[in-house]
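Asks: Pasting start37.txt below, which is compact mmCIF, C-alpha atoms and all ligand atoms.
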```txt
# COMPACT_ATOMS: atom_id res chain seq x y z
CA MET A 19 -32.09 2.98 -38.19
CA LEU A 20 -28.63 3.95 -39.20
CA GLY A 21 -28.74 6.74 -36.64
CA LYS A 22 -29.58 4.23 -33.93
CA ILE A 23 -26.71 1.98 -34.91
CA THR A 24 -24.37 4.92 -35.04
CA LEU A 25 -25.60 6.11 -31.67
CA GLY A 26 -25.20 2.63 -30.25
CA THR A 27 -21.69 2.36 -31.59
CA LEU A 28 -20.86 5.74 -30.17
CA VAL A 29 -22.16 4.81 -26.76
CA ILE A 30 -20.15 1.61 -26.79
CA ALA A 31 -17.11 3.40 -28.09
CA SER A 32 -17.32 6.07 -25.44
CA SER A 33 -17.81 3.53 -22.65
CA ILE A 34 -14.78 1.60 -23.85
CA PHE A 35 -12.84 4.83 -23.83
CA ALA A 36 -14.06 5.69 -20.34
CA ALA A 37 -12.99 2.30 -19.03
CA SER A 38 -9.68 2.30 -20.81
CA GLU A 39 -7.13 4.07 -18.68
CA VAL A 40 -6.09 5.77 -15.50
CA ASN A 41 -3.17 8.17 -15.30
CA VAL A 42 -1.23 7.91 -12.07
CA TYR A 43 1.35 10.42 -10.87
CA SER A 44 3.30 8.54 -8.23
CA SER A 45 6.24 9.30 -5.99
CA ARG A 46 6.35 5.71 -4.74
CA HIS A 47 9.56 4.09 -5.82
CA TYR A 48 9.01 0.39 -5.26
CA ASP A 49 8.86 -2.57 -7.64
CA THR A 50 5.76 -3.93 -5.89
CA ASP A 51 3.70 -1.17 -7.42
CA LYS A 52 4.38 -2.31 -10.97
CA GLU A 53 2.99 -5.71 -10.07
CA LEU A 54 -0.08 -4.12 -8.53
CA TYR A 55 -0.74 -2.00 -11.61
CA LYS A 56 -0.53 -5.11 -13.75
CA MET A 57 -2.97 -6.93 -11.49
CA PHE A 58 -5.39 -4.00 -11.65
CA GLN A 59 -5.12 -3.85 -15.41
CA GLU A 60 -5.75 -7.58 -15.78
CA ARG A 61 -8.73 -7.46 -13.46
CA THR A 62 -10.45 -4.37 -14.85
CA GLY A 63 -9.13 -3.87 -18.36
CA ILE A 64 -8.16 -0.34 -17.29
CA LYS A 65 -4.68 0.54 -18.45
CA VAL A 66 -2.50 2.16 -15.80
CA ASN A 67 -0.17 4.87 -17.11
CA VAL A 68 2.37 5.94 -14.50
CA ILE A 69 4.52 9.01 -14.24
CA LYS A 70 7.06 8.59 -11.47
CA ALA A 71 8.87 11.52 -9.86
CA LYS A 72 9.41 13.13 -6.48
CA ALA A 73 6.20 14.41 -4.92
CA ASP A 74 7.21 18.07 -5.10
CA ALA A 75 7.90 17.79 -8.82
CA LEU A 76 4.55 16.06 -9.41
CA ILE A 77 2.71 18.67 -7.36
CA LYS A 78 4.38 21.46 -9.33
CA ARG A 79 3.53 19.70 -12.56
CA MET A 80 -0.14 19.32 -11.63
CA GLU A 81 -0.28 22.98 -10.64
CA SER A 82 1.20 24.16 -13.90
CA GLU A 83 -0.90 21.77 -15.98
CA GLY A 84 -4.07 23.06 -14.29
CA LYS A 85 -7.29 21.93 -15.96
CA LYS A 86 -5.34 20.30 -18.75
CA SER A 87 -3.59 17.95 -16.35
CA LYS A 88 -3.65 14.31 -17.38
CA ALA A 89 -3.30 13.19 -13.76
CA ASP A 90 -6.21 11.15 -12.45
CA VAL A 91 -4.51 10.02 -9.25
CA LEU A 92 -1.63 11.43 -7.22
CA ILE A 93 0.25 9.11 -4.85
CA THR A 94 2.79 10.38 -2.34
CA VAL A 95 5.03 8.51 0.10
CA ASP A 96 4.55 10.93 2.93
CA ALA A 97 1.95 12.71 5.02
CA ALA A 98 3.41 16.18 4.47
CA ARG A 99 3.27 15.92 0.69
CA ILE A 100 -0.29 14.59 0.50
CA TYR A 101 -1.31 17.40 2.82
CA LYS A 102 0.50 19.93 0.63
CA ALA A 103 -1.24 18.67 -2.51
CA GLN A 104 -4.59 18.89 -0.77
CA LYS A 105 -3.90 22.42 0.48
CA LYS A 106 -3.10 23.45 -3.08
CA GLY A 107 -6.50 22.16 -4.16
CA LEU A 108 -5.14 19.42 -6.39
CA PHE A 109 -7.66 16.80 -5.22
CA GLN A 110 -11.42 16.44 -5.36
CA PRO A 111 -13.63 14.83 -2.75
CA ILE A 112 -14.92 11.43 -3.84
CA LYS A 113 -17.67 9.10 -2.72
CA SER A 114 -16.58 5.56 -2.00
CA LYS A 115 -18.41 3.45 0.57
CA PHE A 116 -15.65 0.87 0.13
CA LEU A 117 -12.81 3.25 1.08
CA GLU A 118 -14.77 4.84 3.91
CA GLY A 119 -15.63 1.43 5.27
CA LYS A 120 -12.15 -0.04 4.94
CA ILE A 121 -9.79 2.80 5.86
CA PRO A 122 -9.95 4.17 9.42
CA ALA A 123 -10.98 7.84 9.66
CA LYS A 124 -7.60 8.92 11.02
CA LEU A 125 -5.95 7.59 7.86
CA ARG A 126 -8.01 9.56 5.38
CA ASP A 127 -9.00 13.14 4.74
CA LYS A 128 -12.27 14.08 6.41
CA ASN A 129 -13.62 15.22 3.04
CA ASN A 130 -12.32 12.12 1.24
CA ARG A 131 -9.79 14.00 -0.85
CA TRP A 132 -7.06 11.50 -0.01
CA PHE A 133 -6.69 8.07 1.56
CA ALA A 134 -3.68 6.39 3.14
CA ILE A 135 -2.81 3.22 1.24
CA THR A 136 0.08 1.95 3.38
CA LYS A 137 1.72 2.70 6.71
CA ARG A 138 5.36 2.66 7.81
CA ALA A 139 6.88 3.25 11.22
CA ARG A 140 10.02 5.37 11.73
CA VAL A 141 12.06 3.21 14.07
CA ILE A 142 15.65 2.55 15.09
CA ALA A 143 17.93 -0.29 14.03
CA VAL A 144 20.49 -0.84 16.78
CA ARG A 145 23.65 -2.90 16.47
CA ASN A 146 23.29 -6.09 18.52
CA ASP A 147 26.34 -5.39 20.69
CA PHE A 148 25.14 -1.92 21.63
CA LYS A 149 23.28 -1.80 24.90
CA MET A 150 19.90 -0.13 24.81
CA PRO A 151 16.83 -0.74 26.94
CA LYS A 152 13.92 -2.56 25.35
CA GLU A 153 11.71 0.45 25.87
CA VAL A 154 13.12 3.47 24.06
CA PHE A 155 11.55 6.92 23.79
CA TYR A 156 12.25 9.28 20.89
CA GLU A 157 13.12 11.76 23.62
CA ASP A 158 16.08 9.52 24.63
CA LEU A 159 17.75 10.02 21.26
CA ALA A 160 18.70 13.54 22.40
CA ASP A 161 20.32 12.23 25.60
CA SER A 162 24.07 12.80 25.69
CA LYS A 163 24.62 9.15 26.69
CA TYR A 164 24.16 8.39 22.98
CA LYS A 165 26.84 10.85 21.85
CA GLY A 166 28.50 9.75 18.61
CA GLN A 167 25.97 6.94 18.09
CA ILE A 168 23.10 8.25 16.00
CA MET A 169 22.97 7.85 12.23
CA VAL A 170 20.21 9.55 10.31
CA ARG A 171 19.76 11.09 6.88
CA SER A 172 19.46 14.78 6.12
CA SER A 173 16.74 17.16 7.23
CA SER A 174 15.75 17.72 3.60
CA ASN A 175 14.28 14.24 3.75
CA VAL A 176 10.54 14.40 4.28
CA TYR A 177 10.46 11.32 6.57
CA ASN A 178 12.62 13.27 9.03
CA GLN A 179 10.50 16.36 8.58
CA SER A 180 7.37 14.39 9.45
CA LEU A 181 9.07 12.87 12.49
CA MET A 182 10.04 16.38 13.56
CA ALA A 183 6.47 17.56 12.91
CA ALA A 184 5.33 14.85 15.33
CA VAL A 185 7.86 16.03 17.93
CA ILE A 186 6.51 19.57 17.53
CA ALA A 187 2.92 18.34 17.79
CA HIS A 188 3.79 16.63 21.08
CA LYS A 189 6.08 19.21 22.65
CA GLY A 190 5.83 22.54 20.88
CA VAL A 191 8.50 24.17 18.73
CA GLU A 192 10.87 25.20 21.51
CA LYS A 193 11.24 21.80 23.13
CA ALA A 194 11.27 20.10 19.73
CA THR A 195 14.14 22.33 18.59
CA ALA A 196 16.06 21.48 21.77
CA TRP A 197 15.40 17.80 21.03
CA ALA A 198 16.73 18.13 17.47
CA LYS A 199 19.83 19.92 18.78
CA GLY A 200 20.40 17.00 21.12
CA VAL A 201 20.06 14.51 18.26
CA VAL A 202 22.48 16.54 16.13
CA ALA A 203 24.99 16.56 19.01
CA ASN A 204 24.70 12.75 19.17
CA MET A 205 25.22 12.13 15.46
CA ALA A 206 28.03 9.79 14.46
CA ARG A 207 28.62 11.85 11.31
CA ASN A 208 26.97 14.58 9.28
CA PRO A 209 23.76 13.30 7.72
CA LYS A 210 24.20 11.68 4.32
CA GLY A 211 22.79 8.82 2.30
CA SER A 212 19.49 6.97 2.47
CA ASP A 213 17.70 5.26 5.33
CA ARG A 214 19.38 2.01 4.29
CA ASP A 215 22.80 3.65 4.41
CA GLN A 216 22.28 4.50 8.08
CA ALA A 217 21.75 0.84 8.95
CA ARG A 218 24.77 -0.10 6.85
CA GLY A 219 26.79 2.47 8.79
CA VAL A 220 25.62 1.05 12.10
CA ALA A 221 26.56 -2.48 11.04
CA ALA A 222 29.99 -1.17 10.01
CA GLY A 223 30.44 0.48 13.41
CA VAL A 224 30.32 4.13 12.29
CA GLY A 225 27.51 4.64 14.81
CA SER A 226 25.19 2.33 16.75
CA ILE A 227 21.65 3.63 16.24
CA ALA A 228 20.11 4.13 12.79
CA ILE A 229 16.85 6.06 12.44
CA MET A 230 14.90 4.58 9.52
CA ASN A 231 11.59 3.47 8.08
CA THR A 232 10.60 -0.12 8.74
CA TYR A 233 10.23 -1.25 5.12
CA TYR A 234 13.87 -0.42 4.39
CA ILE A 235 14.89 -3.02 6.97
CA GLY A 236 12.75 -5.51 5.06
CA LYS A 237 14.46 -4.53 1.83
CA LEU A 238 17.91 -4.93 3.38
CA ALA A 239 16.93 -8.36 4.70
CA ASN A 240 16.06 -9.36 1.16
CA GLY A 241 18.99 -7.62 -0.47
CA ASN A 242 22.51 -8.84 -1.20
CA ASP A 243 24.60 -10.80 1.31
CA THR A 244 26.17 -7.67 2.80
CA ASP A 245 22.76 -6.15 3.41
CA LYS A 246 21.43 -9.42 4.81
CA ASN A 247 24.27 -9.26 7.33
CA VAL A 248 23.38 -5.68 8.19
CA VAL A 249 19.98 -6.92 9.34
CA LYS A 250 21.48 -9.90 11.15
CA SER A 251 23.80 -7.66 13.11
CA THR A 252 21.08 -5.22 14.19
CA LYS A 253 17.81 -5.33 16.08
CA VAL A 254 14.68 -3.31 15.44
CA ILE A 255 13.34 -1.18 18.27
CA PHE A 256 10.07 0.75 18.06
CA PRO A 257 10.66 3.96 19.98
CA LYS A 258 7.64 5.83 21.24
CA PHE A 259 6.88 9.30 22.51
CA LYS A 260 6.62 9.64 26.26
CA ASN A 261 3.06 10.84 25.83
CA GLY A 262 2.26 8.88 22.67
CA GLY A 263 3.22 5.97 20.47
CA THR A 264 5.54 5.10 17.60
CA HIS A 265 5.70 7.62 14.77
CA VAL A 266 3.84 6.34 11.72
CA ASN A 267 3.91 7.86 8.26
CA VAL A 268 1.79 6.93 5.25
CA SER A 269 1.76 6.55 1.54
CA ALA A 270 -1.47 8.10 0.34
CA ALA A 271 -3.53 8.61 -2.81
CA GLY A 272 -6.16 11.07 -3.95
CA VAL A 273 -8.25 11.68 -7.06
CA ALA A 274 -6.99 14.68 -9.02
CA LYS A 275 -9.28 17.69 -9.20
CA TYR A 276 -9.29 17.65 -12.98
CA ALA A 277 -9.27 13.87 -13.42
CA LYS A 278 -10.57 12.92 -16.85
CA ASN A 279 -11.02 9.32 -15.70
CA LYS A 280 -12.57 9.89 -12.31
CA GLU A 281 -14.45 6.60 -12.05
CA ASN A 282 -11.34 4.67 -13.03
CA ALA A 283 -9.35 6.66 -10.49
CA ILE A 284 -11.77 5.71 -7.72
CA LYS A 285 -11.68 2.06 -8.83
CA PHE A 286 -7.89 2.22 -8.82
CA ILE A 287 -7.65 3.57 -5.26
CA GLU A 288 -10.27 1.06 -4.14
CA PHE A 289 -8.12 -1.65 -5.63
CA LEU A 290 -5.08 -0.37 -3.70
CA ALA A 291 -7.14 -0.72 -0.52
CA SER A 292 -8.33 -4.25 -1.40
CA THR A 293 -7.13 -7.18 0.68
CA GLN A 294 -5.17 -8.48 -2.30
CA ALA A 295 -3.25 -5.25 -2.87
CA GLN A 296 -2.79 -4.57 0.82
CA SER A 297 -1.33 -8.04 1.29
CA LEU A 298 1.11 -7.42 -1.54
CA PHE A 299 2.22 -4.08 -0.09
CA ALA A 300 2.79 -5.91 3.19
CA GLU A 301 4.36 -9.11 1.85
CA ALA A 302 6.55 -7.72 -0.90
CA ASN A 303 7.32 -4.19 0.30
CA TYR A 304 7.27 -4.77 4.09
CA GLU A 305 4.74 -2.03 4.73
CA TYR A 306 1.86 -2.08 7.17
CA PRO A 307 -1.62 -2.46 5.70
CA VAL A 308 -4.24 0.23 6.32
CA ILE A 309 -7.15 -2.23 6.38
CA LYS A 310 -8.08 -5.01 8.74
CA GLY A 311 -7.61 -8.56 7.53
CA ALA A 312 -4.47 -8.08 5.41
CA LYS A 313 -1.56 -9.99 6.90
CA ILE A 314 1.81 -8.37 7.52
CA SER A 315 4.96 -10.11 6.31
CA PRO A 316 6.41 -12.71 8.71
CA LEU A 317 9.66 -10.74 8.79
CA VAL A 318 7.89 -7.52 9.80
CA ALA A 319 5.84 -9.47 12.34
CA SER A 320 9.07 -10.85 13.84
CA TRP A 321 10.06 -7.33 14.95
CA GLY A 322 7.04 -7.25 17.26
CA SER A 323 4.03 -5.05 17.62
CA PHE A 324 3.79 -1.42 18.63
CA THR A 325 1.32 1.26 19.52
CA GLU A 326 0.89 3.87 16.83
CA ASP A 327 1.28 7.50 17.76
CA ASP A 328 -2.01 9.35 17.80
CA ILE A 329 -0.90 12.51 15.99
CA SER A 330 -3.06 12.81 12.87
CA ILE A 331 -1.62 12.66 9.38
CA ASN A 332 -2.97 16.16 8.72
CA LYS A 333 -1.12 17.48 11.75
CA LEU A 334 2.16 16.17 10.31
CA GLY A 335 1.42 18.20 7.19
CA GLU A 336 0.34 21.29 9.10
CA GLU A 337 3.57 21.31 11.10
CA ASN A 338 5.85 20.63 8.13
CA ALA A 339 6.98 24.24 7.67
CA ALA A 340 7.68 24.62 11.38
CA ALA A 341 9.56 21.31 11.32
CA VAL A 342 11.78 22.35 8.40
CA LYS A 343 12.60 25.62 10.16
CA ALA A 344 13.28 23.99 13.54
CA LEU A 345 15.55 21.35 11.97
CA ASP A 346 17.51 24.14 10.36
CA VAL A 347 17.76 26.11 13.62
CA ALA A 348 18.96 22.92 15.32
CA GLY A 349 21.77 22.57 12.78
CA TRP A 350 20.48 19.26 11.38
CA LYS A 351 22.18 19.32 7.99
FE FE2 B 401 10.98 5.52 0.99
```
For this file, write the structure as structure tokens.
Replies:
Amino acid sequence: MLGKITLGTLVIASSIFAASEVNVYSSRHYDTDKELYKMFQERTGIKVNVIKAKADALIKRMESEGKKSKADVLITVDAARIYKAQKKGLFQPIKSKFLEGKIPAKLRDKNNRWFAITKRARVIAVRNDFKMPKEVFYEDLADSKYKGQIMVRSSSNVYNQSLMAAVIAHKGVEKATAWAKGVVANMARNPKGSDRDQARGVAAGVGSIAIMNTYYIGKLANGNDTDKNVVKSTKVIFPKFKNGGTHVNVSAAGVAKYAKNKENAIKFIEFLASTQAQSLFAEANYEYPVIKGAKISPLVASWGSFTEDDISINKLGEENAAAVKALDVAGWK
């Protein structure tokens, strides 16, 4: 009798333990996420413990922790890093009808080792008084007519590396390198600062064309008065490739190979792909949802629609090394 009670207690205790937490290693750096974690915790009773750092540091940490790793989920802000983590065997395939049903195949690993949770386009913010056609191709950014106009951050930034990977995927290394050389020749100054700093520079007249991710424009629009004016004095243009669409990058999540809380990890990623979470990513962080039925923010919608480039997320990862090398050869600091 006592044994039964003890056994029962144990079972309950262990199920409480199993449902109690999920450990998330995240390189996302946005306040929205805190709100989402709180929502998840309130809904499921599963406590979300977050370790925030740059993706490379988290990847290194998971590698060195090995089987002892506490990570249940790894989230990156970029295609190249999620690909890198997968190549290093840091994820495990999972079964989730929900995620497979909700997230389009091109936005997840074919073996379900990772899933995109948000999208962002790499676009240009152009000062209102600077004349540019409505239809702009990435290829144009290397045209000497834009000499002294382009503002973009350094080539060590992974968003630029993934853009370059897309250029390589479309044109091959040689033409892509020539393109990057053209962009470098058109730069208003040596690369420095963040995406937001490029738009600020454009508004201040240092250059006229800032290359940046869409959500940073949303953040500027909801920032201080100076940043609000940056957005007022610029317009958003979605460039596209001559044989493709607008370059899109992702934030993505996967279940860690040695996850101790695997079921919680799956529940957590499913929650991130829920309409509620997707709407919050879109409304509060100006990202594009990965599922149908989640609305984008009115501000983001006001910039207009675009056709996404068809280069796969994996391809951006595969070409990362070539992109880093080509950017260096091109002299992109
Ligand atoms: Fe970012």
Asks: If you count only C-alpha atoms and all ligand atoms, which residues end up within 9 Å of ligand FE2 401 (chain B), as a PDB file with C-alpha atoms, in the frame of the given file?
Replies:
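Saved to result30.pdb:
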```pdb
ATOM      1  CA  ARG A  46       6.350   5.710  -4.740  1.00  0.00           C
ATOM      2  CA  HIS A  47       9.560   4.090  -5.820  1.00  0.00           C
ATOM      3  CA  TYR A  48       9.010   0.390  -5.260  1.00  0.00           C
ATOM      4  CA  VAL A  95       5.030   8.510   0.100  1.00  0.00           C
ATOM      5  CA  ASP A  96       4.550  10.930   2.930  1.00  0.00           C
ATOM      6  CA  TYR A 177      10.460  11.320   6.570  1.00  0.00           C
ATOM      7  CA  SER A 212      19.490   6.970   2.470  1.00  0.00           C
ATOM      8  CA  ASP A 213      17.700   5.260   5.330  1.00  0.00           C
ATOM      9  CA  ASN A 231      11.590   3.470   8.080  1.00  0.00           C
ATOM     10  CA  TYR A 233      10.230  -1.250   5.120  1.00  0.00           C
ATOM     11  CA  TYR A 234      13.870  -0.420   4.390  1.00  0.00           C
TER      12      TYR A 234
END
```
Asks: Counting all atoms listed in the file, which residues have an atom no more than 8 Å from (0.2, 3.8, -10.3) in the file's coordinates? Please list them as a list in words.
Replies: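 Residues lying no farther than 8 Å from the given point: Asn41, Val42, Tyr43, Ser44, Asp51, Lys52, Tyr55, Val66, Asn67, Val68, Ile69, Val91 and Ile93 of chain A.
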Asks: With all atoms listed in the file as the basis for distance, which of A:Ala283, A:Leu92, A:Ala143, A:Ala196 is at the shortest distance from Ala221 of chain A?
Replies: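 Nearest candidate to Ala221 of chain A out of A:Ala283, A:Leu92, A:Ala143, A:Ala196: A:Ala143.
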Asks: Near segment 251-268 of chain A, counting only C-alpha atoms, which residues have an atom at most 7 Å away, once you skip same-chain residues fewer than 2 positions from it, shown as a ChimeraX atom specification?
Replies: /A:95-97,134,136-146,153-157,181,221,247-249,270,321,324-328
Asks: If we count only C-alpha atoms and set the cut-off at 7 Å, which residues sit around Lys65 of chain A, ignoring sequence neighbours fewer than 5 positions away in its own chain? Please answer as a list in words.
Replies: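 Result of the neighbour search: Ser38, Glu39, Val40 and Gln59 of chain A.
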Asks: Looking at all atoms listed in the file, which of A:Lys343, A:Lys237, A:Lys278, A:His188 is the one that sits closest to Asn303 of chain A?
Replies: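 Using all atoms listed in the file, the shortest distance to Asn303 of chain A belongs to A:Lys237.
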Asks: Please put the answer as AutoDock Vina command-line options: centre and edge lengths, in Å with one decimal, of a box along x, y and z that encloses all listed atoms of segment 50-56 of chain A plus 6 Å on each side.
Replies:
```
--center_x 2.5 --center_y -3.4 --center_z -9.8 --size_x 18.5 --size_y 16.5 --size_z 19.9
```
Asks: Would you mind reading off the distance between atom CA of Val220 of chain A and atom CA of Gly241 of chain A, one decimal, in Å?
Replies: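 Separation of atom CA of Val220 of chain A and atom CA of Gly241 of chain A: 16.6 Å.
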Asks: Hey, which of A:Asn130, A:Tyr306, A:Glu192, A:Lys351 ends up closest to Gly211 of chain A? Count all atoms listed in the file.
Replies: A:Lys351
Asks: Which residue gives the smallest distance to Ser45 of chain A among A:Met57, A:Val224, A:Ile77, A:Ala203, with all atoms listed in the file counted?
Replies: A:Ile77
Asks: If you measure from atom CA of Ser162 of chain A to atom CA of Lys199 of chain A, what distance in Å do you get, rounded to one decimal?
Replies: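 Taking atom CA of Ser162 of chain A as the start and atom CA of Lys199 of chain A as the end point, the length is 10.8 Å.
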Asks: Nearest residue to Lys163 of chain A out of A:Lys149, A:Lys85, A:Arg214, A:Lys310, using only C-alpha atoms?
Replies: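 Among the listed residues, A:Lys149 lies closest to Lys163 of chain A.
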Asks: In terms of the shortest atom-to-atom distance over only C-alpha atoms, which of A:Glu337, A:Asp158, A:Asp127, A:Glu288 is closest to Ala187 of chain A?
Replies: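 So, comparing all the options, the nearest one is A:Glu337.
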Asks: What is the distance between atom CA of Glu281 of chain A and atom CA of Lys106 of chain A, in Å to one decimal?
Replies: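 Between atom CA of Glu281 of chain A and atom CA of Lys106 of chain A the gap works out to 22.2 Å.
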